[in-house]
Amino acid sequence: MASCDICGKKKTIGNNVSHANNKTKRIIEPNVQSIRVATDKGNKRMNVCTRCIRSGLVKKAV
């Protein structure tokens, strides 16, 4: 589950910064959930981030 099908949010690259200010690369991944979404053509399973779920951009299928 790499990216959100609604907003396109995907993993990004940043740094771990220690107390001694040493920097090492890290990957920051979005919280993507696989849910059933009600669409106009019927129910469909999609990968959606939790931000889109909470803001009501998708309608969950029952």
# chains A, B, ... in the order shown; residues from 1 in each chain; ligands from 1

$ residues_around --residues "Ile27 in chain A" --least-positions-apart "2" --cutoff "7 Å" --atoms "only C-alpha atoms" --output "ChimeraX atom specification"
/A:11-14,29

$ write_last_selection --atoms "C-alpha atoms" --output "PDB file, in the first residue's frame"
ATOM      1  CA  LYS A  11       5.916   8.021   0.976  1.00  0.00           C
ATOM      2  CA  THR A  12       8.410  10.835   1.429  1.00  0.00           C
ATOM      3  CA  ILE A  13      12.059  10.931   2.441  1.00  0.00           C
ATOM      4  CA  GLY A  14      13.380  12.825   5.449  1.00  0.00           C
ATOM      5  CA  GLU A  29       4.957   6.556   5.002  1.00  0.00           C
TER       6      GLU A  29
END

$ residues_around --residues "Met46 in chain A" --least-positions-apart "2" --cutoff "9 Å" --atoms "only C-alpha atoms" --output "list in words"
Cys4, Asp5, Ile6, Gln33, Ser34, Ile35, Arg36, Val37, Lys44 and Val48 of chain A

$ select_by_dssp --residues "range 7-60 of chain A" --states "helix (DSSP H, G or I)" --output "PyMOL selection string"
chain A and resi 50-54

$ closest_residue --among "A:Asn31, A:Cys7, A:Val17, A:Lys41" --to "Leu57 in chain A" --atoms "only C-alpha atoms"
A:Cys7

$ closest_residue --among "A:Arg26, A:Lys60, A:Arg54, A:Lys10" --to "Gly42 in chain A" --atoms "only C-alpha atoms"
A:Lys60

$ atom_distance --atom1 "CA of Val58 in chain A" --atom2 "CA of Pro30 in chain A"
16.9 Å

$ select_by_dssp --residues "range 9-62 of chain A" --states "strand (DSSP E)" --output "VMD selection string"
chain A and resid 12 to 17 23 to 28 32 to 39 42 to 49
